[in-house]
Amino acid sequence: MVTKRTRWWRAAAAVAAGALPCLAFPAPALWWFAYVALVPWMLLLRSAPTGRRAALEGWLGGAGFIVAVHHWLLPSLHVFLIPVAALLGLLWIPWALLVRELLGGAPSAGRAAAALVLVPAGWLLSELARSWQGLGGPWGLLGASQWQVPPALRLASVGGVWLVSLLVVAVNCALVLLVAAPGARVPAVAAVAGCAVLTGAVWLWLPHPEASGVLRVAVVQPGPVADGPGAGDGPQRRFDAGERLTLSLVGRPVDLVVWGESSVGVDLAARPDLSRRLAALSARTGAPLLVNVDARRSDRPGIYKSSVLIGPRGPTGDRYDKMRLVPFGEYVPARALLGWATSVGRAAGEDRMRGAAPVVMELPGGTRLGPLVCFESAFPDMSRELTRQGAAVLVAQSSTSTFQHSWAPAQHASLAALRAAENGRPAVHATLTGVSAVYGPSGERIGPALSTEASTAAVYEVPLARGTTLFVRFGNWPGGASVAAVAAYCAARGTRAVRLGRPAPEPSAPPARTARG
């Protein structure tokens, strides 16, 4: 019998254990911790006395993970973050049931081997589900914690961040077997060795991106603009600061100048004076400017966030309208039902409009760039599509000034390393207020990052590359394989249950310690 006190203790432990992996992400960035961070949660789940209890602790741990990884959203969403986390936490229930079923009790070597495949696959299914934009998008994928580990970035070029997540969970699963299941240590050791051999083989034998030139890119980061009487409105101050910093580039060899998200706060068609000022900057620096317009358009209804390329004669006609919007920040899902969120936090008072399709822009020298706006750099499929359309460099324009002194700027900048490695293309992450960073075709850092304290224009020698990675060629094949593996297991288990004419028995669990009085 499990006492009420024990149930409450286990519930609290599930929330805390689910939150532990957040330490592997920036700003702590303890990348190595990801390989052990799931062990306490999995040990708790395998000892759950019933499947229902495992489902509850999977849900609570998932909610704890979401709150911990996204805690910097609290100033914007306030208490609304809690119901969002509770909703997303449900996605971990199938994984929790797999952990209990395959790792519970004293697993045989065969069951342990199945766990080493199915438990990582079950985790990946939860990541795939919450990566849908309607559920918040792929922020905080476990594999993304490895953004600064070169061997892991090489794996990303094979199967994207998804393959890295699978490997990290597989190592955690093997450690659980080593700790709690002495009879299954052989498959556990074999799994760890297999992960090491796979990573080493990819690192040693997979071809590196082939260099094809250099693009000199200037990132203009104005930093936080000053408030106060007589300083003018915020968008105009941002524009003036960007203009001043861009002028400091005159005389330096530059091929492209990039401004951050929302760097222009009015529609350029409605403000020809600003369009002329931008054209003059392009003429004086000798390079096109990629700015980001966040404004109500004059030629159609609604507010758009758009990457706009500016040449010495003004806008070139190349324009990309942001397609995937930030839930609550740029639109409110099911506004008729959830519109009250605007009175609780900083939810969007009016929904932004979505773009229709990705756009690849061509620079004067023939180099093609693929623009992304802010949140879109979290989606592996978007940068992959731009690469398939011929982009030689990925450029993400962002602004995380709302979360300036949190983990968010560093977390966001780290995503560009993964997108670069996945596609074998350099990635430029340009922000208004930091962190701005540039990564080479293998995900390696190019030059110093611009911190949240910096106000500057920095020029980077960005190496270009040709060739196609396996991820660009085959896409998210680890996700497909995980779906197939879990579906096959469920089908086999269901068939066996039908043949026996009863539900499959639950695995035995270690006896619970009870209090008697």
# chains A, B, ... in the order shown; residues from 1 in each chain; ligands from 1

call {"tool": "select_by_dssp", "arguments": {"residues": "stretch 439-511 of chain A", "states": "alpha helix (DSSP H)", "output": "PDB file with all heavy atoms, in the first residue's frame"}}
result
ATOM      1  N   LEU A 470      23.245  14.703 -45.263  1.00  0.00           N
ATOM      2  CA  LEU A 470      22.251  13.636 -45.247  1.00  0.00           C
ATOM      3  C   LEU A 470      20.921  14.143 -44.689  1.00  0.00           C
ATOM      4  O   LEU A 470      19.850  13.693 -45.104  1.00  0.00           O
ATOM      5  CB  LEU A 470      22.758  12.458 -44.418  1.00  0.00           C
ATOM      6  CG  LEU A 470      23.942  11.692 -45.027  1.00  0.00           C
ATOM      7  CD1 LEU A 470      24.441  10.623 -44.068  1.00  0.00           C
ATOM      8  CD2 LEU A 470      23.553  11.066 -46.361  1.00  0.00           C
ATOM      9  N   PHE A 471      20.984  15.094 -43.748  1.00  0.00           N
ATOM     10  CA  PHE A 471      19.729  15.648 -43.217  1.00  0.00           C
ATOM     11  C   PHE A 471      18.965  16.414 -44.286  1.00  0.00           C
ATOM     12  O   PHE A 471      17.742  16.295 -44.404  1.00  0.00           O
ATOM     13  CB  PHE A 471      20.009  16.556 -42.025  1.00  0.00           C
ATOM     14  CG  PHE A 471      18.763  17.225 -41.498  1.00  0.00           C
ATOM     15  CD1 PHE A 471      17.808  16.496 -40.811  1.00  0.00           C
ATOM     16  CD2 PHE A 471      18.532  18.583 -41.710  1.00  0.00           C
ATOM     17  CE1 PHE A 471      16.646  17.102 -40.341  1.00  0.00           C
ATOM     18  CE2 PHE A 471      17.381  19.200 -41.235  1.00  0.00           C
ATOM     19  CZ  PHE A 471      16.436  18.456 -40.560  1.00  0.00           C
ATOM     20  N   VAL A 472      19.674  17.208 -45.080  1.00  0.00           N
ATOM     21  CA  VAL A 472      18.999  17.939 -46.156  1.00  0.00           C
ATOM     22  C   VAL A 472      18.416  16.948 -47.167  1.00  0.00           C
ATOM     23  O   VAL A 472      17.303  17.140 -47.674  1.00  0.00           O
ATOM     24  CB  VAL A 472      19.984  18.908 -46.849  1.00  0.00           C
ATOM     25  CG1 VAL A 472      19.371  19.493 -48.113  1.00  0.00           C
ATOM     26  CG2 VAL A 472      20.376  20.027 -45.888  1.00  0.00           C
ATOM     27  N   ARG A 473      19.123  15.877 -47.422  1.00  0.00           N
ATOM     28  CA  ARG A 473      18.672  14.904 -48.422  1.00  0.00           C
ATOM     29  C   ARG A 473      17.478  14.083 -47.937  1.00  0.00           C
ATOM     30  O   ARG A 473      16.506  13.892 -48.659  1.00  0.00           O
ATOM     31  CB  ARG A 473      19.829  13.980 -48.779  1.00  0.00           C
ATOM     32  CG  ARG A 473      19.549  13.049 -49.960  1.00  0.00           C
ATOM     33  CD  ARG A 473      20.801  12.263 -50.319  1.00  0.00           C
ATOM     34  NE  ARG A 473      21.916  13.159 -50.644  1.00  0.00           N
ATOM     35  CZ  ARG A 473      23.166  12.764 -50.807  1.00  0.00           C
ATOM     36  NH1 ARG A 473      23.474  11.479 -50.661  1.00  0.00           N
ATOM     37  NH2 ARG A 473      24.119  13.621 -51.107  1.00  0.00           N
ATOM     38  N   PHE A 474      17.535  13.623 -46.682  1.00  0.00           N
ATOM     39  CA  PHE A 474      16.517  12.679 -46.221  1.00  0.00           C
ATOM     40  C   PHE A 474      15.583  13.246 -45.150  1.00  0.00           C
ATOM     41  O   PHE A 474      14.606  12.587 -44.786  1.00  0.00           O
ATOM     42  CB  PHE A 474      17.189  11.410 -45.682  1.00  0.00           C
ATOM     43  CG  PHE A 474      17.995  10.682 -46.721  1.00  0.00           C
ATOM     44  CD1 PHE A 474      19.384  10.653 -46.652  1.00  0.00           C
ATOM     45  CD2 PHE A 474      17.385  10.052 -47.787  1.00  0.00           C
ATOM     46  CE1 PHE A 474      20.142   9.988 -47.612  1.00  0.00           C
ATOM     47  CE2 PHE A 474      18.131   9.384 -48.756  1.00  0.00           C
ATOM     48  CZ  PHE A 474      19.510   9.361 -48.667  1.00  0.00           C
ATOM     49  N   TRP A 477      14.397  11.600 -40.800  1.00  0.00           N
ATOM     50  CA  TRP A 477      14.230  10.145 -40.820  1.00  0.00           C
ATOM     51  C   TRP A 477      14.263   9.535 -39.419  1.00  0.00           C
ATOM     52  O   TRP A 477      13.604   8.508 -39.184  1.00  0.00           O
ATOM     53  CB  TRP A 477      15.262   9.487 -41.733  1.00  0.00           C
ATOM     54  CG  TRP A 477      16.691   9.705 -41.340  1.00  0.00           C
ATOM     55  CD1 TRP A 477      17.540  10.664 -41.815  1.00  0.00           C
ATOM     56  CD2 TRP A 477      17.442   8.944 -40.386  1.00  0.00           C
ATOM     57  NE1 TRP A 477      18.769  10.557 -41.215  1.00  0.00           N
ATOM     58  CE2 TRP A 477      18.740   9.506 -40.341  1.00  0.00           C
ATOM     59  CE3 TRP A 477      17.144   7.845 -39.587  1.00  0.00           C
ATOM     60  CZ2 TRP A 477      19.727   9.015 -39.500  1.00  0.00           C
ATOM     61  CZ3 TRP A 477      18.142   7.343 -38.740  1.00  0.00           C
ATOM     62  CH2 TRP A 477      19.413   7.922 -38.711  1.00  0.00           C
ATOM     63  N   PRO A 478      14.989  10.117 -38.428  1.00  0.00           N
ATOM     64  CA  PRO A 478      14.886   9.540 -37.083  1.00  0.00           C
ATOM     65  C   PRO A 478      13.479   9.604 -36.521  1.00  0.00           C
ATOM     66  O   PRO A 478      13.043   8.682 -35.813  1.00  0.00           O
ATOM     67  CB  PRO A 478      15.858  10.402 -36.255  1.00  0.00           C
ATOM     68  CG  PRO A 478      16.842  10.926 -37.254  1.00  0.00           C
ATOM     69  CD  PRO A 478      16.021  11.179 -38.473  1.00  0.00           C
ATOM     70  N   GLY A 479      12.743  10.683 -36.838  1.00  0.00           N
ATOM     71  CA  GLY A 479      11.359  10.775 -36.381  1.00  0.00           C
ATOM     72  C   GLY A 479      10.492   9.696 -37.002  1.00  0.00           C
ATOM     73  O   GLY A 479       9.686   9.048 -36.315  1.00  0.00           O
ATOM     74  N   GLY A 480      10.661   9.474 -38.296  1.00  0.00           N
ATOM     75  CA  GLY A 480       9.897   8.431 -38.967  1.00  0.00           C
ATOM     76  C   GLY A 480      10.213   7.053 -38.423  1.00  0.00           C
ATOM     77  O   GLY A 480       9.317   6.215 -38.214  1.00  0.00           O
ATOM     78  N   ALA A 481      11.504   6.803 -38.169  1.00  0.00           N
ATOM     79  CA  ALA A 481      11.906   5.511 -37.615  1.00  0.00           C
ATOM     80  C   ALA A 481      11.350   5.316 -36.216  1.00  0.00           C
ATOM     81  O   ALA A 481      10.938   4.196 -35.842  1.00  0.00           O
ATOM     82  CB  ALA A 481      13.429   5.410 -37.597  1.00  0.00           C
ATOM     83  N   SER A 482      11.296   6.388 -35.428  1.00  0.00           N
ATOM     84  CA  SER A 482      10.764   6.289 -34.070  1.00  0.00           C
ATOM     85  C   SER A 482       9.269   5.989 -34.091  1.00  0.00           C
ATOM     86  O   SER A 482       8.775   5.155 -33.308  1.00  0.00           O
ATOM     87  CB  SER A 482      11.026   7.592 -33.312  1.00  0.00           C
ATOM     88  OG  SER A 482      12.407   7.813 -33.158  1.00  0.00           O
ATOM     89  N   VAL A 483       8.541   6.661 -34.957  1.00  0.00           N
ATOM     90  CA  VAL A 483       7.108   6.385 -35.088  1.00  0.00           C
ATOM     91  C   VAL A 483       6.891   4.928 -35.481  1.00  0.00           C
ATOM     92  O   VAL A 483       6.032   4.225 -34.915  1.00  0.00           O
ATOM     93  CB  VAL A 483       6.458   7.334 -36.112  1.00  0.00           C
ATOM     94  CG1 VAL A 483       5.022   6.906 -36.416  1.00  0.00           C
ATOM     95  CG2 VAL A 483       6.481   8.771 -35.607  1.00  0.00           C
ATOM     96  N   ALA A 484       7.666   4.436 -36.453  1.00  0.00           N
ATOM     97  CA  ALA A 484       7.527   3.061 -36.914  1.00  0.00           C
ATOM     98  C   ALA A 484       7.848   2.072 -35.797  1.00  0.00           C
ATOM     99  O   ALA A 484       7.143   1.062 -35.618  1.00  0.00           O
ATOM    100  CB  ALA A 484       8.430   2.818 -38.117  1.00  0.00           C
ATOM    101  N   ALA A 485       8.899   2.336 -35.014  1.00  0.00           N
ATOM    102  CA  ALA A 485       9.298   1.417 -33.947  1.00  0.00           C
ATOM    103  C   ALA A 485       8.229   1.327 -32.868  1.00  0.00           C
ATOM    104  O   ALA A 485       7.862   0.221 -32.426  1.00  0.00           O
ATOM    105  CB  ALA A 485      10.627   1.861 -33.344  1.00  0.00           C
ATOM    106  N   VAL A 486       7.717   2.469 -32.435  1.00  0.00           N
ATOM    107  CA  VAL A 486       6.692   2.461 -31.391  1.00  0.00           C
ATOM    108  C   VAL A 486       5.392   1.848 -31.913  1.00  0.00           C
ATOM    109  O   VAL A 486       4.720   1.083 -31.207  1.00  0.00           O
ATOM    110  CB  VAL A 486       6.455   3.890 -30.855  1.00  0.00           C
ATOM    111  CG1 VAL A 486       5.278   3.918 -29.880  1.00  0.00           C
ATOM    112  CG2 VAL A 486       7.719   4.406 -30.172  1.00  0.00           C
ATOM    113  N   ALA A 487       5.045   2.158 -33.161  1.00  0.00           N
ATOM    114  CA  ALA A 487       3.823   1.573 -33.744  1.00  0.00           C
ATOM    115  C   ALA A 487       3.942   0.060 -33.849  1.00  0.00           C
ATOM    116  O   ALA A 487       2.984  -0.680 -33.546  1.00  0.00           O
ATOM    117  CB  ALA A 487       3.564   2.189 -35.113  1.00  0.00           C
ATOM    118  N   ALA A 488       5.104  -0.432 -34.256  1.00  0.00           N
ATOM    119  CA  ALA A 488       5.301  -1.880 -34.361  1.00  0.00           C
ATOM    120  C   ALA A 488       5.215  -2.539 -32.993  1.00  0.00           C
ATOM    121  O   ALA A 488       4.616  -3.623 -32.842  1.00  0.00           O
ATOM    122  CB  ALA A 488       6.654  -2.170 -35.005  1.00  0.00           C
ATOM    123  N   TYR A 489       5.779  -1.892 -31.981  1.00  0.00           N
ATOM    124  CA  TYR A 489       5.710  -2.452 -30.631  1.00  0.00           C
ATOM    125  C   TYR A 489       4.268  -2.504 -30.136  1.00  0.00           C
ATOM    126  O   TYR A 489       3.836  -3.522 -29.569  1.00  0.00           O
ATOM    127  CB  TYR A 489       6.558  -1.608 -29.686  1.00  0.00           C
ATOM    128  CG  TYR A 489       6.427  -2.011 -28.239  1.00  0.00           C
ATOM    129  CD1 TYR A 489       7.014  -3.175 -27.764  1.00  0.00           C
ATOM    130  CD2 TYR A 489       5.699  -1.226 -27.350  1.00  0.00           C
ATOM    131  CE1 TYR A 489       6.891  -3.553 -26.441  1.00  0.00           C
ATOM    132  CE2 TYR A 489       5.564  -1.594 -26.025  1.00  0.00           C
ATOM    133  CZ  TYR A 489       6.161  -2.755 -25.573  1.00  0.00           C
ATOM    134  OH  TYR A 489       6.029  -3.134 -24.261  1.00  0.00           O
ATOM    135  N   CYS A 490       3.535  -1.400 -30.342  1.00  0.00           N
ATOM    136  CA  CYS A 490       2.138  -1.373 -29.898  1.00  0.00           C
ATOM    137  C   CYS A 490       1.305  -2.422 -30.640  1.00  0.00           C
ATOM    138  O   CYS A 490       0.443  -3.084 -30.047  1.00  0.00           O
ATOM    139  CB  CYS A 490       1.550   0.016 -30.113  1.00  0.00           C
ATOM    140  SG  CYS A 490       2.261   1.286 -29.038  1.00  0.00           S
ATOM    141  N   ALA A 491       1.570  -2.592 -31.945  1.00  0.00           N
ATOM    142  CA  ALA A 491       0.827  -3.583 -32.724  1.00  0.00           C
ATOM    143  C   ALA A 491       1.142  -4.991 -32.227  1.00  0.00           C
ATOM    144  O   ALA A 491       0.236  -5.832 -32.067  1.00  0.00           O
ATOM    145  CB  ALA A 491       1.183  -3.453 -34.203  1.00  0.00           C
ATOM    146  N   ALA A 492       2.423  -5.269 -31.960  1.00  0.00           N
ATOM    147  CA  ALA A 492       2.802  -6.595 -31.476  1.00  0.00           C
ATOM    148  C   ALA A 492       2.195  -6.868 -30.107  1.00  0.00           C
ATOM    149  O   ALA A 492       1.696  -7.980 -29.843  1.00  0.00           O
ATOM    150  CB  ALA A 492       4.322  -6.710 -31.415  1.00  0.00           C
ATOM    151  N   ARG A 493       2.220  -5.879 -29.258  1.00  0.00           N
ATOM    152  CA  ARG A 493       1.654  -6.050 -27.916  1.00  0.00           C
ATOM    153  C   ARG A 493       0.147  -6.244 -27.979  1.00  0.00           C
ATOM    154  O   ARG A 493      -0.425  -7.071 -27.262  1.00  0.00           O
ATOM    155  CB  ARG A 493       2.003  -4.841 -27.054  1.00  0.00           C
ATOM    156  CG  ARG A 493       1.847  -5.042 -25.567  1.00  0.00           C
ATOM    157  CD  ARG A 493       2.436  -3.867 -24.809  1.00  0.00           C
ATOM    158  NE  ARG A 493       2.400  -4.085 -23.375  1.00  0.00           N
ATOM    159  CZ  ARG A 493       1.346  -3.845 -22.604  1.00  0.00           C
ATOM    160  NH1 ARG A 493       0.238  -3.385 -23.146  1.00  0.00           N
ATOM    161  NH2 ARG A 493       1.395  -4.069 -21.298  1.00  0.00           N
ATOM    162  N   GLY A 494      -0.505  -5.475 -28.851  1.00  0.00           N
ATOM    163  CA  GLY A 494      -1.954  -5.623 -29.001  1.00  0.00           C
ATOM    164  C   GLY A 494      -2.320  -6.982 -29.572  1.00  0.00           C
ATOM    165  O   GLY A 494      -3.291  -7.614 -29.131  1.00  0.00           O
ATOM    166  N   THR A 495      -1.557  -7.455 -30.550  1.00  0.00           N
ATOM    167  CA  THR A 495      -1.821  -8.769 -31.142  1.00  0.00           C
ATOM    168  C   THR A 495      -1.662  -9.877 -30.107  1.00  0.00           C
ATOM    169  O   THR A 495      -2.480 -10.807 -30.035  1.00  0.00           O
ATOM    170  CB  THR A 495      -0.861  -9.009 -32.322  1.00  0.00           C
ATOM    171  OG1 THR A 495      -1.053  -7.984 -33.304  1.00  0.00           O
ATOM    172  CG2 THR A 495      -1.113 -10.370 -32.953  1.00  0.00           C
ATOM    173  N   ARG A 496      -0.624  -9.754 -29.286  1.00  0.00           N
ATOM    174  CA  ARG A 496      -0.404 -10.765 -28.249  1.00  0.00           C
ATOM    175  C   ARG A 496      -1.541 -10.764 -27.235  1.00  0.00           C
ATOM    176  O   ARG A 496      -2.003 -11.827 -26.792  1.00  0.00           O
ATOM    177  CB  ARG A 496       0.936 -10.502 -27.554  1.00  0.00           C
ATOM    178  CG  ARG A 496       1.324 -11.564 -26.546  1.00  0.00           C
ATOM    179  CD  ARG A 496       2.781 -11.439 -26.123  1.00  0.00           C
ATOM    180  NE  ARG A 496       3.058 -10.146 -25.497  1.00  0.00           N
ATOM    181  CZ  ARG A 496       3.793  -9.190 -26.038  1.00  0.00           C
ATOM    182  NH1 ARG A 496       4.301  -9.356 -27.252  1.00  0.00           N
ATOM    183  NH2 ARG A 496       4.013  -8.064 -25.403  1.00  0.00           N
ATOM    184  N   ALA A 497      -2.019  -9.567 -26.895  1.00  0.00           N
ATOM    185  CA  ALA A 497      -3.113  -9.483 -25.936  1.00  0.00           C
ATOM    186  C   ALA A 497      -4.389 -10.100 -26.497  1.00  0.00           C
ATOM    187  O   ALA A 497      -5.140 -10.776 -25.784  1.00  0.00           O
ATOM    188  CB  ALA A 497      -3.359  -8.017 -25.564  1.00  0.00           C
ATOM    189  N   VAL A 498      -4.643  -9.876 -27.793  1.00  0.00           N
ATOM    190  CA  VAL A 498      -5.837 -10.452 -28.421  1.00  0.00           C
ATOM    191  C   VAL A 498      -5.747 -11.971 -28.441  1.00  0.00           C
ATOM    192  O   VAL A 498      -6.725 -12.683 -28.163  1.00  0.00           O
ATOM    193  CB  VAL A 498      -6.006  -9.891 -29.846  1.00  0.00           C
ATOM    194  CG1 VAL A 498      -7.063 -10.678 -30.608  1.00  0.00           C
ATOM    195  CG2 VAL A 498      -6.372  -8.416 -29.793  1.00  0.00           C
ATOM    196  N   ARG A 499      -4.568 -12.483 -28.743  1.00  0.00           N
ATOM    197  CA  ARG A 499      -4.395 -13.944 -28.783  1.00  0.00           C
ATOM    198  C   ARG A 499      -4.605 -14.570 -27.410  1.00  0.00           C
ATOM    199  O   ARG A 499      -5.157 -15.661 -27.282  1.00  0.00           O
ATOM    200  CB  ARG A 499      -3.003 -14.290 -29.307  1.00  0.00           C
ATOM    201  CG  ARG A 499      -2.849 -14.067 -30.807  1.00  0.00           C
ATOM    202  CD  ARG A 499      -1.426 -14.389 -31.236  1.00  0.00           C
ATOM    203  NE  ARG A 499      -1.264 -14.217 -32.677  1.00  0.00           N
ATOM    204  CZ  ARG A 499      -0.097 -14.331 -33.302  1.00  0.00           C
ATOM    205  NH1 ARG A 499       0.999 -14.605 -32.601  1.00  0.00           N
ATOM    206  NH2 ARG A 499      -0.030 -14.165 -34.609  1.00  0.00           N
ATOM    207  N   LEU A 500      -4.159 -13.872 -26.389  1.00  0.00           N
ATOM    208  CA  LEU A 500      -4.321 -14.402 -25.044  1.00  0.00           C
ATOM    209  C   LEU A 500      -5.720 -14.168 -24.493  1.00  0.00           C
ATOM    210  O   LEU A 500      -6.094 -14.753 -23.481  1.00  0.00           O
ATOM    211  CB  LEU A 500      -3.291 -13.761 -24.098  1.00  0.00           C
ATOM    212  CG  LEU A 500      -1.809 -14.092 -24.378  1.00  0.00           C
ATOM    213  CD1 LEU A 500      -0.902 -13.282 -23.473  1.00  0.00           C
ATOM    214  CD2 LEU A 500      -1.564 -15.582 -24.183  1.00  0.00           C
TER     215      LEU A 500
END

call {"tool": "residues_around", "arguments": {"residues": "stretch 269-271 of chain A", "least_positions_apart": "2", "cutoff": "10 Å", "atoms": "only C-alpha atoms", "output": "PyMOL selection string"}}
result
chain A and resi 266-267+273-276+296-299+315

call {"tool": "write_last_selection", "arguments": {"atoms": "C-alpha atoms", "output": "short mmCIF file (atom, residue, chain, number, x, y, z; two decimals), in the first residue's frame"}}
result
data_model
loop_
_atom_site.label_atom_id
_atom_site.label_comp_id
_atom_site.auth_asym_id
_atom_site.auth_seq_id
_atom_site.Cartn_x
_atom_site.Cartn_y
_atom_site.Cartn_z
CA VAL A 266 7.04 51.52 -40.37
CA ASP A 267 6.10 50.34 -43.85
CA ASP A 273 12.19 59.19 -46.62
CA LEU A 274 13.30 56.16 -44.58
CA SER A 275 13.61 54.11 -47.76
CA ARG A 276 15.96 56.76 -49.19
CA ARG A 296 1.05 47.50 -40.94
CA ARG A 297 1.43 47.18 -44.69
CA SER A 298 0.09 49.87 -46.98
CA ASP A 299 -0.78 47.48 -49.83
CA PRO A 315 14.13 48.06 -51.87
#

call {"tool": "closest_atom_pairs", "arguments": {"of": "stretch 181-270 of chain A", "to": "stretch 101-111 of chain A", "cutoff": "12 Å", "atoms": "only C-alpha atoms", "output": "tab-separated table"}}
result
residue	atom	partner	partner_atom	distance
A:Ala181	CA	A:Ala106	CA	6.0
A:Pro182	CA	A:Ala106	CA	8.3
A:Gly183	CA	A:Ser108	CA	6.7
A:Ala184	CA	A:Ala109	CA	5.0
A:Arg185	CA	A:Ala109	CA	8.1
A:Val186	CA	A:Ala109	CA	7.5
A:Pro187	CA	A:Ala109	CA	6.5
A:Ala188	CA	A:Ala109	CA	9.0
A:Val189	CA	A:Ala109	CA	11.5
A:Ala190	CA	A:Ala109	CA	11.2
A:Ala191	CA	A:Ala109	CA	12.0

call {"tool": "write_last_selection", "arguments": {"atoms": "N, CA, C and O atoms", "output": "PDB file, in the first residue's frame"}}
result
ATOM      1  N   ALA A 181      19.372  -2.353 -12.898  1.00  0.00           N
ATOM      2  CA  ALA A 181      19.072  -3.686 -13.432  1.00  0.00           C
ATOM      3  C   ALA A 181      20.369  -4.438 -13.707  1.00  0.00           C
ATOM      4  O   ALA A 181      20.852  -4.480 -14.849  1.00  0.00           O
ATOM      5  N   PRO A 182      20.957  -5.033 -12.685  1.00  0.00           N
ATOM      6  CA  PRO A 182      22.241  -5.735 -12.875  1.00  0.00           C
ATOM      7  C   PRO A 182      22.191  -6.806 -13.958  1.00  0.00           C
ATOM      8  O   PRO A 182      23.188  -7.029 -14.651  1.00  0.00           O
ATOM      9  N   GLY A 183      21.020  -7.454 -14.127  1.00  0.00           N
ATOM     10  CA  GLY A 183      20.927  -8.503 -15.127  1.00  0.00           C
ATOM     11  C   GLY A 183      20.922  -8.006 -16.551  1.00  0.00           C
ATOM     12  O   GLY A 183      20.984  -8.809 -17.495  1.00  0.00           O
ATOM     13  N   ALA A 184      20.820  -6.694 -16.739  1.00  0.00           N
ATOM     14  CA  ALA A 184      20.750  -6.131 -18.091  1.00  0.00           C
ATOM     15  C   ALA A 184      21.964  -5.274 -18.408  1.00  0.00           C
ATOM     16  O   ALA A 184      21.905  -4.415 -19.287  1.00  0.00           O
ATOM     17  N   ARG A 185      23.050  -5.496 -17.708  1.00  0.00           N
ATOM     18  CA  ARG A 185      24.216  -4.633 -17.897  1.00  0.00           C
ATOM     19  C   ARG A 185      24.915  -4.875 -19.232  1.00  0.00           C
ATOM     20  O   ARG A 185      25.522  -3.962 -19.785  1.00  0.00           O
ATOM     21  N   VAL A 186      24.820  -6.082 -19.758  1.00  0.00           N
ATOM     22  CA  VAL A 186      25.482  -6.354 -21.044  1.00  0.00           C
ATOM     23  C   VAL A 186      24.868  -5.511 -22.162  1.00  0.00           C
ATOM     24  O   VAL A 186      25.599  -4.807 -22.890  1.00  0.00           O
ATOM     25  N   PRO A 187      23.533  -5.523 -22.362  1.00  0.00           N
ATOM     26  CA  PRO A 187      22.981  -4.644 -23.403  1.00  0.00           C
ATOM     27  C   PRO A 187      23.185  -3.163 -23.101  1.00  0.00           C
ATOM     28  O   PRO A 187      23.332  -2.354 -24.022  1.00  0.00           O
ATOM     29  N   ALA A 188      23.221  -2.800 -21.817  1.00  0.00           N
ATOM     30  CA  ALA A 188      23.444  -1.396 -21.472  1.00  0.00           C
ATOM     31  C   ALA A 188      24.834  -0.945 -21.890  1.00  0.00           C
ATOM     32  O   ALA A 188      25.013   0.114 -22.507  1.00  0.00           O
ATOM     33  N   VAL A 189      25.844  -1.749 -21.556  1.00  0.00           N
ATOM     34  CA  VAL A 189      27.224  -1.416 -21.953  1.00  0.00           C
ATOM     35  C   VAL A 189      27.342  -1.414 -23.477  1.00  0.00           C
ATOM     36  O   VAL A 189      28.008  -0.550 -24.065  1.00  0.00           O
ATOM     37  N   ALA A 190      26.681  -2.393 -24.120  1.00  0.00           N
ATOM     38  CA  ALA A 190      26.720  -2.454 -25.584  1.00  0.00           C
ATOM     39  C   ALA A 190      26.098  -1.206 -26.195  1.00  0.00           C
ATOM     40  O   ALA A 190      26.578  -0.687 -27.218  1.00  0.00           O
ATOM     41  N   ALA A 191      25.035  -0.689 -25.576  1.00  0.00           N
ATOM     42  CA  ALA A 191      24.380   0.512 -26.098  1.00  0.00           C
ATOM     43  C   ALA A 191      25.279   1.728 -25.990  1.00  0.00           C
ATOM     44  O   ALA A 191      25.393   2.524 -26.935  1.00  0.00           O
TER      45      ALA A 191
END

call {"tool": "residues_around", "arguments": {"residues": "stretch 428-434 of chain A", "least_positions_apart": "6", "cutoff": "8 Å", "atoms": "only C-alpha atoms", "output": "ChimeraX atom specification"}}
result
/A:219-224,258-261,263,393-401,404,409,413,416,450-455

call {"tool": "select_by_dssp", "arguments": {"residues": "stretch 338-460 of chain A", "states": "strand (DSSP E)", "output": "VMD selection string"}}
result
chain A and resid 361 to 362 368 to 373 393 to 398 427 to 431 437 to 439 456 to 460

call {"tool": "residues_around", "arguments": {"residues": "stretch 37-52 of chain A", "least_positions_apart": "4", "cutoff": "10 Å", "atoms": "only C-alpha atoms", "output": "ChimeraX atom specification"}}
result
/A:1-2,10-11,13-24,32-33,56-58,61,93,95-105,119,168-169,171-177,179-180,506-512

call {"tool": "residues_around", "arguments": {"residues": "A:Thr367", "least_positions_apart": "2", "cutoff": "9 Å", "atoms": "only C-alpha atoms", "output": "list in words"}}
result
Leu215, Met361, Glu362, Leu363, Pro364, Gly365, Leu369, Ala391, Ala392 and Val393 of chain A

call {"tool": "closest_residue", "arguments": {"among": "A:Ala421, A:Ala378, A:Ala437, A:Val373", "to": "A:Ala458", "atoms": "only C-alpha atoms"}}
result
A:Ala437

call {"tool": "atom_distance", "arguments": {"atom1": "atom CA of A:Ser248", "atom2": "atom CA of A:Gly317"}}
result
26.1 Å
